[in-house]
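Here is the structure we will look at.
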Amino acid sequence: MAEQYYTVPEMVAVETSKFVKDGMVIFVGIGLGLLTASLAVKTHAPRATILMEGGTVDSRFAHLPFSVCEPRSAYGCTVTTGLFDILGYNAGGSHADMAILGAAQVDQYGNLNSTMGPRQSGDPFDILHPGWRATGSGGANDAASGLPFVVNIVHQDRRFPKIVDYLTSPGWMVKVFENGNVKWVPRREAGLIRGGPDAIVTTQCVMKFDEKTKIAFLAEYFPGTNPVEIKKTIGWDIDISRAVQSEPPSREVIDILRNEVDPDKVLLGGLKK
Amino acid sequence: MAEQYYTVPEMVAVETSKFVKDGMVIFVGIGLGLLTASLAVKTHAPRATILMEGGTVDSRFAHLPFSVCEPRSAYGCTVTTGLFDILGYNAGGSHADMAILGAAQVDQYGNLNSTMGPRQSGDPFDILHPGWRATGSGGANDAASGLPFVVNIVHQDRRFPKIVDYLTSPGWMVKVFENGNVKWVPRREAGLIRGGPDAIVTTQCVMKFDEKTKIAFLAEYFPGTNPVEIKKTIGWDIDISRAVQSEPPSREVIDILRNEVDPDKVLLGGLKK
Amino acid sequence: MNEKSKIMSPAEAVKEFIKDGQIIASGGFTITRKSYAIYYEMLRQGIKGIKLCHVTPGGPDELLAAGGCLAGITGCYVGDELVQVIHPFCSRQIKSGNIWHEDYSHYSMILRFKAAAMGVPFLPTHSQIGTDLINPAYDVEGKMGLRGKDERFPLAKFHVMKDPFWPEHQNICLLPALSPDVTIIHAQLAGEKGTARIMGALGGDVEEAYAGKKVILTCDELVTEDYMARDPNANQIPHHIIDAIVPVPYACHPVSSYMNYDYDTNFLREFHTAMGDDSKRDKWLDEWVYKIKDHWHYLEKLGSKRLSSLKANPAYAYNPDNDRSAYMNK
Amino acid sequence: MNEKSKIMSPAEAVKEFIKDGQIIASGGFTITRKSYAIYYEMLRQGIKGIKLCHVTPGGPDELLAAGGCLAGITGCYVGDELVQVIHPFCSRQIKSGNIWHEDYSHYSMILRFKAAAMGVPFLPTHSQIGTDLINPAYDVEGKMGLRGKDERFPLAKFHVMKDPFWPEHQNICLLPALSPDVTIIHAQLAGEKGTARIMGALGGDVEEAYAGKKVILTCDELVTEDYMARDPNANQIPHHIIDAIVPVPYACHPVSSYMNYDYDTNFLREFHTAMGDDSKRDKWLDEWVYKIKDHWHYLEKLGSKRLSSLKANPAYAYNPDNDRSAYMNK
């Protein structure tokens with residue numbers, strides 16, 4: 001295979017940005033979500049509107065921000081308000097079309113874990129002594145509770161358990177708690193009347209959800225990867241029968257990503273493969 | 001008796017303004033409340049802060065407003081926000097010290113009716129065909145639910161029933177509704193954990209509430225009126241044993257009221273005796 | 001995706017978005033920022049059966065009632081303030097039962113819109129507790145048969161519950177969400193995509209706008225979105241929740257728009273007088289509504305001298321020399 | 001009534017308002033508007049047993065943890081963003097059980113403060129439903145024995161109920177009010193009585209301020225209330241809810257104040273590195289906190305050249321030439 005003219009993080013950004021349609025109102029978290037939405041706005045979705053939970057609407061970054069509420073995140077925005085308006089009115093009240101979210105783990109139903117777990121996945125878990133800690137869910141829970149969403153995640157074995165060790169953002173089948181018991185029910189039945197996961201974009205592939213089972217199947221694998229190897233890294237019996245190889249990104253879009261979206265390598269530089 | 005150098009509305013404004021202490025944060029409704037608070041600020045309470053439900057904090061009127069949300073009501077204010085902040089955070093969340101409210105009726109417990117009733121007080125009442133209609137409670141219910149308050153009311157017989165025909169702002173004993181029955185309970189017991197009426201200032205007198213019975217008694221009668229005549233106009237067996245004659249207002253305060261607070265007679269001119 | 005412009009005339013906005021039988025939320029506050037240009041047009045287009053709701057009422061209630069557009073009102077007040085001016089026609093229609101009126105407190109109304117804006121079924125408050133505002137016998141929408149049939153109306157007017165979080169378990173009142181079919185608001189400035197800047201007190205407009213399934217925005221000035229972006233802290237409403245932008249001068253006449261124009265008390269006095277007088281009402285409506293072709297015609301009839309006399313002085317945000325004697329009973 | 005001035009130094013504000021064992025709300029948002037001047041002073045005054053809560057966390061969590069001030073944290077995140085920088089010391093303390101961490105979603109936290117601000121016991125949301133954020137087995141404050149004893153903590157972490165208003169009766173999650181003993185926020189401008197103007201995104205500061213029993217406000221500039229009144233739409237917080245005004249330059253260093261100064265990534269990188277390294281942590285704290293006399297001494301140690309390099313360019317509201325390489329792993 002010829003030398004790739006794009007990096008893995010670039011491929012992830014391009015693949016994720018395809019979910020952003022022109023005119024959409026998109027809630028983005030820090031990191032890849034922000035990169036992806038910016039790319040979409042500078043390519044095929046110039047009329048997409050970016051919302052960030054610090055309180056900004058329709059920012060047009062001159063320099064990619066480190067935070068969803070730092071001075072750079074407000075550049076060019078048309079409304080500066082607070083977190084309540086963004087997460088309450090726009091995400092909760094369904095005035096946004098989709099969210100792009102990161103996570104530490106994602107499971108077969110698109111449930112996310114952004115926060116913590118036992119030392120080994122599946123071990124008993126003591127909330128007062130978590131085995132590992134990530135930063136936490138922030139607004140990802142809120143966006144996932146009210147909006148359709150796409151997940152960005154680094155492709156590593158431990159990140160794809162059959163059931164997340166600690167569920168922070170709701171996918172298609174979620175937990176309800178009754179008289180000391182945990183029951184798994186469809187998200188609508190639990191009370192989540194809107195939204196749900198549309199896709200998982202990893203650093204190797206794209207998963208989507210089966211209409212009937214609501215379980216993630218392999219939809220695309222990136223050039224240089226293969227479905228059988230990917231299946232070995234997934235904690236559930238993932239259906240790879242529908243998988244096709246992703247189109248490589250165009251040189252043009254990679255140029256825009258490098259030269260216009262993130263010329264300082266704020267995000268492109270920092271992402272692990 | 002010598003010719004009075006003040007009018008009845010002026011007396012009411014002066015008497016009511018005495019309840020405003022310096023440094024207080026006061027919620028005011030349209031009409032006398034506004035006049036009274038302005039007078040207090042221009043006399044003994046220069047550091048009082050006026051809140052109005054349209055969304056203004058600390059206005060210093062150049063011209064008395066016709067409405068709590070018209071352009072004049074914002075003059076000189078330090079914060080313009082919305083109704084939610086004023087009625088929710090400040091009145092509901094107890095960031096104000098008192099309210100000055102008007103009403104169409106007030107009863108022995110300081111319950112107000114600002115809205116409607118049957119043709120004759122005490123008659124059966126059909127909500128779909130009210131016998132009379134006034135403007136309605138507006139924010140008076142909300143202020144009375146969360147804050148100590150003083151009532152301004154024109155002194156007329158039909159305005160002082162033992163029990164208001166339709167209860168819109170809660171006094172000391174209020175209604176709770178259980179299985180089709182109405183029960184009268186102390187406001188704290190009903191769930192109103194803050195506030196309550198401090199006084200009723202009419203165009204003839206000042207009533208306050210007995211510590212134990214929470215029933216209004218005659219505290220002061222204005223010069224030119226007398227307790228026995230007042231008692232005839234009140235719908236409950238009002239205690240007049242503690243009544244003293246009010247001090248007439250000073251000429252100085254009347255001058256301030258006429259020349260500085262309401263030189264255009266926006267409110268002083270329009271009030272009935 | 002080819003983005004259709006949202007900019008339109010009052011007649012186009014009413015034609016496109018307002019239908020018989022809708023729940024309409026009216027923004028503004030009595031004599032401030034009420035989009036009369038839209039309400040006049042609703043009368044001209046003969047809209048019927050409207051359920052009007054608002055954080056704060058004003059003259060449009062009276063106008064819509066007189067024009068036969070109204071089925072009912074859900075709100076806290078029937079009047080124009082102006083030292084307690086009650087709407088004479090509206091209140092008479094309520095007394096006669098021709099228009100129903102569901103009574104809530106002022107804050108309760110903003111909570112109902114806020115709940116809808118947040119996408120939750122209710123919000124809690126201590127307001128209304130202990131009063132007839134939550135007397136089950138006085139559930140007007142229930143008596144009108146609106147509950148349990150029409151999804152837009154909740155099963156109950158309110159719901160009292162015990163606080164589960166503190167040991168006293170005090171009563172608290174839940175108020176159901178209210179999502180109008182159309183919300184009508186006014187802002188001083190709007191960007192060409194709909195970003196809105198309201199100057200002066202906001203009343204309940206932000207909540208009403210987010211609660212609305214559709215939003216019509218009248219504005220004093222239409223500007224570029226780039227101009228709006230120069231001071232984003234001054235803007236409250238994002239463009240993506242606005243459906244129609246109606247940029248017409250004096251859209252709120254006879255009431256005020258902070259910083260731009262004052263209210264017209266002589267007009268309001270004539271309006272209120274005519275509304276209360278059976279012999280004058282239809283004549284007034286003919287003269288000021290039905291025989292008026294459009295908003296430009298309305299402004300022409302008012303005349304530039306009258307409109308100029310209402311122009312706000314920037315040091316005050318209103319006209320300090322405005323003749324307000326019509327409501328000052330000296 | 002003789003009104004006492006609210007204007008004071010960071011040391012005075014901490015001495016007067018902050019006590020051991022309090023619930024403290026920290027305003028701002030990770031690398032924006034965090035009042036470090038106050039948090040440094042809390043370490044110097046040896047404050048203990050603080051229950052920190054916030055809509056949005058940031059470096060002060062790590063600082064207070066390292067200074068031994070913290071008992072627990074109630075929030076949604078442990079880090080400084082900066083492309084997912086987790087607080088190394090804080091998270092280690094959480095894993096070891098030395099500091100408890102009660103987990104809520106971001107919006108849930110603002111609802112908890114908003115409920116307190118509104119004076120109601122709870123607010124409802126769909127957030128957290130279906131997740132371990134409302135798993136009764138994971139009630140950390142309950143496990144710590146805080147419920148049912150201390151009025152500041154609710155009897156439950158959450159309460160799921162059926163919507164009484166629509167026929168589907170869907171589940172909704174109630175979140176209890178959270179009223180901190182002291183809220184600490186930062187604004188760019190404050191009037192001499194405390195009226196506050198925050199520029200840029202507001203995060204959760206307005207809600208946290210109204211929720212607080214006391215409020216400490218740091219600000220970049222202290223101005224007259226008359227100046228604040230020239231643009232009242234730009235101000236969010238009224239003076240009567242502010243208890244201490246602390247006007248010091250660069251109160252938020254090493255983080256940013258929109259329009260005034262940018263964050264100091266080199267400082268933050270050293271801070272984060274030292275916090276994660278047992279051999280460096282105490283030395284860093286000595287150098288930058290304990291051996292520092294006051295905020296003026298801190299600024300002197302930073303030096304005017306460094307501070308000037310952070311000054312915001314008004315066209316951007318930050319410094320477009322700021323060296324951000326410490327967090328860009330090229």
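Naming scheme: A, B, ... for chains in displayed order of the structure tokens; residues 1 onward per chain; ligands 1 onward as shown.
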
Please find the residues of chain C near chain A - the criterion being any atom within 9 Å, counting only C-alpha atoms - and write them as a PyMOL selection string. chain C and resi 1+3+114-120+195-196+207+210-211+225-241

Output file for the residues above (C-alpha atoms, as an mmCIF file, in the first residue's frame):
data_model
loop_
_atom_site.group_PDB
_atom_site.id
_atom_site.type_symbol
_atom_site.label_atom_id
_atom_site.label_comp_id
_atom_site.auth_asym_id
_atom_site.auth_seq_id
_atom_site.Cartn_x
_atom_site.Cartn_y
_atom_site.Cartn_z
ATOM 1 C CA MET C 1 -29.162 22.754 1.273
ATOM 2 C CA GLU C 3 -31.520 28.114 2.875
ATOM 3 C CA LYS C 114 -39.534 27.521 30.660
ATOM 4 C CA ALA C 115 -40.466 23.877 31.228
ATOM 5 C CA ALA C 116 -41.359 23.566 27.534
ATOM 6 C CA ALA C 117 -38.136 25.348 26.599
ATOM 7 C CA MET C 118 -36.160 22.854 28.703
ATOM 8 C CA GLY C 119 -38.029 19.881 27.252
ATOM 9 C CA VAL C 120 -39.340 18.756 30.659
ATOM 10 C CA THR C 195 -30.249 36.292 16.032
ATOM 11 C CA ALA C 196 -32.154 38.674 18.309
ATOM 12 C CA GLU C 207 -38.528 31.556 27.594
ATOM 13 C CA TYR C 210 -37.534 28.731 23.215
ATOM 14 C CA ALA C 211 -40.910 27.198 24.160
ATOM 15 C CA GLU C 225 -25.233 38.541 11.538
ATOM 16 C CA ASP C 226 -21.670 39.855 11.514
ATOM 17 C CA TYR C 227 -22.872 43.032 13.155
ATOM 18 C CA MET C 228 -24.737 40.998 15.798
ATOM 19 C CA ALA C 229 -21.538 39.013 16.415
ATOM 20 C CA ARG C 230 -19.661 42.158 17.418
ATOM 21 C CA ASP C 231 -21.426 42.119 20.789
ATOM 22 C CA PRO C 232 -22.649 38.556 21.373
ATOM 23 C CA ASN C 233 -23.238 39.169 25.097
ATOM 24 C CA ALA C 234 -25.979 41.642 24.113
ATOM 25 C CA ASN C 235 -27.955 39.031 22.142
ATOM 26 C CA GLN C 236 -30.316 36.617 23.869
ATOM 27 C CA ILE C 237 -31.934 34.520 21.170
ATOM 28 C CA PRO C 238 -30.033 32.367 18.660
ATOM 29 C CA HIS C 239 -31.063 32.424 15.021
ATOM 30 C CA HIS C 240 -31.807 28.723 14.790
ATOM 31 C CA ILE C 241 -34.993 29.016 16.851
#

May I have chain B as a compact mmCIF listing (two decimals) with C-alpha atoms, in the first residue's frame, after a least-squares superposition on chain A that uses all C-alpha atoms paired in order?
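Generated file (selection_20.txt):
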# COMPACT_ATOMS: atom_id res chain seq x y z
CA MET B 1 -0.05 0.06 0.10
CA ALA B 2 1.19 3.49 -0.83
CA GLU B 3 2.31 5.90 1.88
CA GLN B 4 -0.82 7.49 3.32
CA TYR B 5 -1.14 11.23 2.75
CA TYR B 6 -3.29 11.50 5.88
CA THR B 7 -2.94 10.52 9.52
CA VAL B 8 -5.34 8.45 11.58
CA PRO B 9 -6.70 11.43 13.55
CA GLU B 10 -7.32 13.19 10.26
CA MET B 11 -9.24 10.16 8.97
CA VAL B 12 -11.35 10.15 12.14
CA ALA B 13 -12.11 13.84 11.79
CA VAL B 14 -13.13 13.46 8.15
CA GLU B 15 -15.29 10.38 8.79
CA THR B 16 -17.03 12.03 11.73
CA SER B 17 -17.59 15.27 9.87
CA LYS B 18 -19.68 13.39 7.32
CA PHE B 19 -22.42 13.07 9.93
CA VAL B 20 -22.75 16.85 10.06
CA LYS B 21 -25.21 17.97 7.38
CA ASP B 22 -25.47 21.55 6.19
CA GLY B 23 -27.82 23.66 8.26
CA MET B 24 -27.59 21.39 11.30
CA VAL B 25 -27.23 22.74 14.83
CA ILE B 26 -24.45 20.71 16.43
CA PHE B 27 -23.49 20.36 20.07
CA VAL B 28 -19.77 19.68 20.35
CA GLY B 29 -17.57 18.61 23.21
CA ILE B 30 -13.90 19.42 23.52
CA GLY B 31 -11.35 17.62 21.33
CA LEU B 32 -12.36 15.73 18.22
CA GLY B 33 -15.93 16.98 18.28
CA LEU B 34 -14.72 20.50 17.96
CA LEU B 35 -12.24 19.62 15.21
CA THR B 36 -14.87 17.70 13.30
CA ALA B 37 -17.54 20.37 13.48
CA SER B 38 -15.03 23.01 12.38
CA LEU B 39 -14.04 20.86 9.43
CA ALA B 40 -17.67 20.37 8.41
CA VAL B 41 -18.32 24.11 8.57
CA LYS B 42 -15.27 24.80 6.41
CA THR B 43 -16.21 22.13 3.84
CA HIS B 44 -19.68 20.76 3.15
CA ALA B 45 -21.73 22.35 5.94
CA PRO B 46 -21.02 26.10 5.96
CA ARG B 47 -24.42 26.84 7.50
CA ALA B 48 -24.06 24.43 10.40
CA THR B 49 -24.24 26.09 13.81
CA ILE B 50 -21.85 25.07 16.57
CA LEU B 51 -23.07 25.09 20.18
CA MET B 52 -20.72 24.77 23.14
CA GLU B 53 -21.83 24.26 26.71
CA GLY B 54 -19.90 27.21 28.16
CA GLY B 55 -22.57 29.31 26.47
CA THR B 56 -21.70 30.11 22.85
CA VAL B 57 -23.71 29.87 19.64
CA ASP B 58 -22.27 29.80 16.12
CA SER B 59 -18.60 30.43 16.92
CA ARG B 60 -16.18 30.67 13.99
CA PHE B 61 -12.81 29.87 15.54
CA ALA B 62 -9.77 31.91 14.56
CA HIS B 63 -7.69 29.60 16.81
CA LEU B 64 -8.93 26.21 18.00
CA PRO B 65 -9.86 26.38 21.69
CA PHE B 66 -8.49 24.18 24.50
CA SER B 67 -11.83 24.37 26.32
CA VAL B 68 -15.51 24.78 25.44
CA CYS B 69 -15.58 27.97 27.51
CA GLU B 70 -12.24 29.67 26.97
CA PRO B 71 -11.91 33.02 25.18
CA ARG B 72 -11.10 31.31 21.84
CA SER B 73 -14.33 29.33 21.95
CA ALA B 74 -16.39 32.54 21.75
CA TYR B 75 -14.63 33.98 18.71
CA GLY B 76 -17.12 35.06 16.05
CA CYS B 77 -20.14 33.74 17.94
CA THR B 78 -23.51 35.42 17.61
CA VAL B 79 -24.81 34.77 21.13
CA THR B 80 -22.87 34.39 24.37
CA THR B 81 -25.06 33.04 27.13
CA GLY B 82 -24.62 30.39 29.84
CA LEU B 83 -24.55 26.64 30.24
CA PHE B 84 -28.22 26.51 31.15
CA ASP B 85 -29.36 27.86 27.78
CA ILE B 86 -27.14 25.47 25.84
CA LEU B 87 -27.69 22.24 27.78
CA GLY B 88 -31.22 23.09 28.95
CA TYR B 89 -32.95 24.85 26.09
CA ASN B 90 -30.90 23.62 23.15
CA ALA B 91 -29.89 20.06 24.07
CA GLY B 92 -32.72 19.29 26.53
CA GLY B 93 -35.36 21.24 24.66
CA SER B 94 -34.32 19.73 21.32
CA HIS B 95 -33.23 22.90 19.57
CA ALA B 96 -30.14 21.09 18.30
CA ASP B 97 -29.86 18.31 15.71
CA MET B 98 -26.93 16.25 16.94
CA ALA B 99 -23.99 16.00 19.28
CA ILE B 100 -20.43 14.81 18.78
CA LEU B 101 -19.08 13.25 21.97
CA GLY B 102 -15.93 11.56 23.20
CA ALA B 103 -15.74 8.69 25.71
CA ALA B 104 -13.37 6.35 27.55
CA GLN B 105 -15.56 3.29 26.81
CA VAL B 106 -18.49 2.51 24.55
CA ASP B 107 -20.57 -0.68 24.60
CA GLN B 108 -22.78 -2.63 22.18
CA TYR B 109 -25.78 -0.33 22.76
CA GLY B 110 -23.77 2.85 22.39
CA ASN B 111 -23.71 3.50 26.13
CA LEU B 112 -20.70 5.58 27.11
CA ASN B 113 -18.45 5.59 30.11
CA SER B 114 -16.47 8.81 30.44
CA THR B 115 -15.60 8.58 34.07
CA MET B 116 -14.34 5.51 35.91
CA GLY B 117 -14.37 1.78 36.46
CA PRO B 118 -12.82 -1.08 38.41
CA ARG B 119 -9.15 -1.90 37.84
CA GLN B 120 -10.16 -4.70 35.43
CA SER B 121 -13.24 -4.38 33.24
CA GLY B 122 -16.05 -6.50 34.66
CA ASP B 123 -14.59 -6.67 38.20
CA PRO B 124 -16.76 -5.61 41.13
CA PHE B 125 -16.75 -1.86 41.47
CA ASP B 126 -16.38 0.22 44.62
CA ILE B 127 -17.56 3.77 43.93
CA LEU B 128 -15.48 5.06 46.87
CA HIS B 129 -12.31 3.49 45.43
CA PRO B 130 -12.52 3.48 41.64
CA GLY B 131 -9.78 1.49 39.92
CA TRP B 132 -9.34 4.12 37.26
CA ARG B 133 -10.59 7.65 36.73
CA ALA B 134 -10.97 9.67 33.54
CA THR B 135 -12.07 13.31 33.56
CA GLY B 136 -15.80 12.58 33.70
CA SER B 137 -18.91 12.99 31.60
CA GLY B 138 -19.29 16.77 31.78
CA GLY B 139 -22.09 17.67 29.38
CA ALA B 140 -21.83 14.40 27.42
CA ASN B 141 -24.54 12.82 29.55
CA ASP B 142 -26.86 15.75 28.95
CA ALA B 143 -26.27 15.90 25.21
CA ALA B 144 -26.71 12.12 24.89
CA SER B 145 -29.92 12.27 26.94
CA GLY B 146 -31.58 14.70 24.55
CA LEU B 147 -29.96 14.49 21.12
CA PRO B 148 -28.90 12.07 18.39
CA PHE B 149 -25.15 11.65 18.79
CA VAL B 150 -21.96 10.33 17.24
CA VAL B 151 -19.16 8.99 19.43
CA ASN B 152 -15.45 9.51 18.83
CA ILE B 153 -13.15 7.07 20.57
CA VAL B 154 -9.59 5.81 20.32
CA HIS B 155 -9.54 2.20 19.11
CA GLN B 156 -8.15 0.10 21.98
CA ASP B 157 -9.40 -3.26 23.28
CA ARG B 158 -10.40 -2.15 26.74
CA ARG B 159 -12.56 0.60 25.33
CA PHE B 160 -15.20 -1.73 23.79
CA PRO B 161 -16.71 -3.90 26.55
CA LYS B 162 -20.03 -5.61 25.98
CA ILE B 163 -21.40 -3.51 28.83
CA VAL B 164 -19.65 -0.38 30.08
CA ASP B 165 -18.28 -0.65 33.61
CA TYR B 166 -20.01 2.54 34.67
CA LEU B 167 -22.70 4.02 32.45
CA THR B 168 -22.47 7.81 32.07
CA SER B 169 -24.24 8.57 28.73
CA PRO B 170 -27.29 6.60 27.62
CA GLY B 171 -27.31 4.52 24.42
CA TRP B 172 -30.18 2.41 23.06
CA MET B 173 -30.59 0.01 26.00
CA VAL B 174 -30.15 1.60 29.40
CA LYS B 175 -30.40 0.86 33.10
CA VAL B 176 -33.37 1.42 35.36
CA PHE B 177 -33.17 0.80 39.08
CA GLU B 178 -36.08 -0.78 40.91
CA ASN B 179 -36.09 -2.06 44.48
CA GLY B 180 -32.39 -2.72 44.49
CA ASN B 181 -32.42 -4.40 41.08
CA VAL B 182 -31.00 -3.23 37.77
CA LYS B 183 -33.17 -3.73 34.69
CA TRP B 184 -32.09 -3.05 31.10
CA VAL B 185 -34.78 -1.32 29.05
CA PRO B 186 -34.96 0.58 25.75
CA ARG B 187 -34.09 4.23 26.25
CA ARG B 188 -37.58 5.45 25.31
CA GLU B 189 -39.10 3.20 27.95
CA ALA B 190 -36.74 4.56 30.63
CA GLY B 191 -38.03 8.07 29.92
CA LEU B 192 -35.51 9.28 27.37
CA ILE B 193 -38.00 10.48 24.81
CA ARG B 194 -35.48 11.96 22.38
CA GLY B 195 -32.13 11.23 20.77
CA GLY B 196 -29.81 8.24 20.86
CA PRO B 197 -26.51 7.13 19.31
CA ASP B 198 -26.19 7.15 15.51
CA ALA B 199 -22.62 5.94 15.10
CA ILE B 200 -19.29 5.23 16.77
CA VAL B 201 -16.24 6.48 14.93
CA THR B 202 -13.03 4.91 16.24
CA THR B 203 -9.48 5.35 15.02
CA GLN B 204 -10.02 2.21 12.89
CA CYS B 205 -13.65 2.00 11.88
CA VAL B 206 -17.24 3.23 11.91
CA MET B 207 -19.95 1.29 13.74
CA LYS B 208 -23.66 1.91 13.32
CA PHE B 209 -26.68 0.46 15.11
CA ASP B 210 -28.89 -2.30 13.81
CA GLU B 211 -32.43 -1.04 13.35
CA LYS B 212 -33.93 -4.01 15.16
CA THR B 213 -31.43 -5.17 17.77
CA LYS B 214 -30.02 -1.69 18.47
CA ILE B 215 -26.60 -3.39 18.74
CA ALA B 216 -23.60 -1.81 17.05
CA PHE B 217 -22.38 -3.49 13.85
CA LEU B 218 -19.30 -2.76 11.80
CA ALA B 219 -20.36 -0.41 8.99
CA GLU B 220 -16.95 0.70 7.67
CA TYR B 221 -13.30 -0.11 8.28
CA PHE B 222 -10.58 2.33 7.45
CA PRO B 223 -8.00 1.58 4.72
CA GLY B 224 -5.16 -0.37 6.34
CA THR B 225 -7.43 -2.18 8.84
CA ASN B 226 -9.57 -5.28 8.36
CA PRO B 227 -12.88 -6.45 9.82
CA VAL B 228 -11.57 -9.69 11.27
CA GLU B 229 -8.83 -7.94 13.24
CA ILE B 230 -11.27 -5.29 14.39
CA LYS B 231 -13.73 -7.94 15.59
CA LYS B 232 -11.04 -9.34 17.94
CA THR B 233 -10.90 -6.01 19.78
CA ILE B 234 -14.65 -5.71 20.35
CA GLY B 235 -16.30 -7.01 23.51
CA TRP B 236 -19.50 -8.21 21.87
CA ASP B 237 -20.11 -10.54 18.97
CA ILE B 238 -20.07 -7.76 16.45
CA ASP B 239 -21.68 -8.25 13.06
CA ILE B 240 -19.05 -7.53 10.40
CA SER B 241 -21.06 -8.87 7.46
CA ARG B 242 -22.17 -5.43 6.36
CA ALA B 243 -18.75 -3.79 6.57
CA VAL B 244 -17.29 -1.91 3.63
CA GLN B 245 -13.94 -0.19 3.38
CA SER B 246 -14.15 3.57 3.96
CA GLU B 247 -13.28 5.90 1.15
CA PRO B 248 -9.98 7.57 1.93
CA PRO B 249 -10.39 11.30 2.47
CA SER B 250 -9.72 13.56 -0.48
CA ARG B 251 -6.43 15.43 -0.56
CA GLU B 252 -8.46 18.61 -0.71
CA VAL B 253 -10.26 17.98 2.58
CA ILE B 254 -6.97 17.02 4.28
CA ASP B 255 -5.48 20.29 3.08
CA ILE B 256 -8.38 22.23 4.57
CA LEU B 257 -8.04 20.32 7.84
CA ARG B 258 -4.31 21.01 8.07
CA ASN B 259 -4.17 24.53 6.74
CA GLU B 260 -7.47 26.08 7.75
CA VAL B 261 -9.03 24.09 10.58
CA ASP B 262 -6.03 23.29 12.76
CA PRO B 263 -2.85 24.87 11.39
CA ASP B 264 -1.38 25.05 14.90
CA LYS B 265 -1.95 21.31 15.44
CA VAL B 266 -3.84 22.09 18.64
CA LEU B 267 -5.92 18.95 18.31
CA LEU B 268 -4.38 17.05 15.38
CA GLY B 269 -1.04 16.94 17.11
CA GLY B 270 -2.33 15.77 20.46
CA LEU B 271 -4.45 12.82 19.44
CA LYS B 272 -3.15 9.35 19.97
CA LYS B 273 -3.61 6.77 17.27

Skip segment 71-74 of chain D itself and residues of its chain fewer than 5 positions away, then list as an MDAnalysis selection string all residues within 10 Å of it, counting only C-alpha atoms. chainID D and resid 21:25 48:55 57 61 64:65 90 93:94 97:104 109 140:141 144

Name the closest residue to chain D among the candidates C:Tyr318, C:Trp284, C:Tyr107, C:Trp166; distances are taken between atoms, counting only C-alpha atoms. C:Trp166

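For segment 80-126 of chain D, the set of residues given strand (DSSP E) by DSSP on the backbone reads D:Trp100, D:His101, D:Glu102, D:Asp103, D:Phe122, D:Leu123, D:Pro124, D:Thr125.
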
Define the interface residues of chain C facing chain D as those within 7 Å, counting only C-alpha atoms, and report them as a count of residues only. 16

In Å and to one decimal, atom CA of Leu268 of chain C is distant from atom CA of Glu62 of chain C by 11.4 Å

Neighbour list for His186 of chain C as a PyMOL selection string, cut-off 12 Å, only C-alpha atoms, skip fewer than 4 positions in-chain: chain C and resi 26-29+32-38+190+194-200+202-206+208-209+215-222+237+242+244-253+255-258

Determine which residues of segment 20-193 of chain B DSSP labels as helix (DSSP H, G or I) from the backbone of this structure, then write them out as an NGL selection string. :B and (32-42 or 71-74 or 83-92 or 140-146 or 157-159 or 187-190)

Tell me which protein, DNA and RNA residues are within 9 Å of Thr224 of chain C, counting only C-alpha atoms, leaving out same-chain ones fewer than 6 positions away, and put them as an MDAnalysis selection string. chainID C and resid 190:193

If you keep all heavy atoms, can you produce a file of those selected residues as a short mmCIF file (atom, residue, chain, number, x, y, z; two decimals), in the first residue's frame?
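File produced: out-v3.cif:
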data_model
loop_
_atom_site.label_atom_id
_atom_site.label_comp_id
_atom_site.auth_asym_id
_atom_site.auth_seq_id
_atom_site.Cartn_x
_atom_site.Cartn_y
_atom_site.Cartn_z
N ALA C 190 -32.34 42.51 14.87
CA ALA C 190 -32.26 41.11 14.45
C ALA C 190 -31.23 40.97 13.34
O ALA C 190 -31.12 41.83 12.46
CB ALA C 190 -33.61 40.61 13.98
N GLY C 191 -30.46 39.90 13.39
CA GLY C 191 -29.56 39.56 12.30
C GLY C 191 -30.36 38.92 11.16
O GLY C 191 -31.49 38.49 11.36
N GLU C 192 -29.77 38.83 10.01
CA GLU C 192 -30.55 38.37 8.85
C GLU C 192 -30.90 36.88 8.92
O GLU C 192 -31.76 36.40 8.19
CB GLU C 192 -29.86 38.72 7.52
CG GLU C 192 -28.80 37.74 7.06
CD GLU C 192 -27.41 38.07 7.60
OE1 GLU C 192 -27.27 38.97 8.47
OE2 GLU C 192 -26.45 37.42 7.15
N LYS C 193 -30.26 36.15 9.85
CA LYS C 193 -30.66 34.76 10.07
C LYS C 193 -31.62 34.63 11.28
O LYS C 193 -32.19 33.58 11.51
CB LYS C 193 -29.44 33.87 10.30
CG LYS C 193 -28.60 33.65 9.03
CD LYS C 193 -27.25 33.01 9.32
CE LYS C 193 -27.35 31.54 9.66
NZ LYS C 193 -25.99 30.97 9.95
#
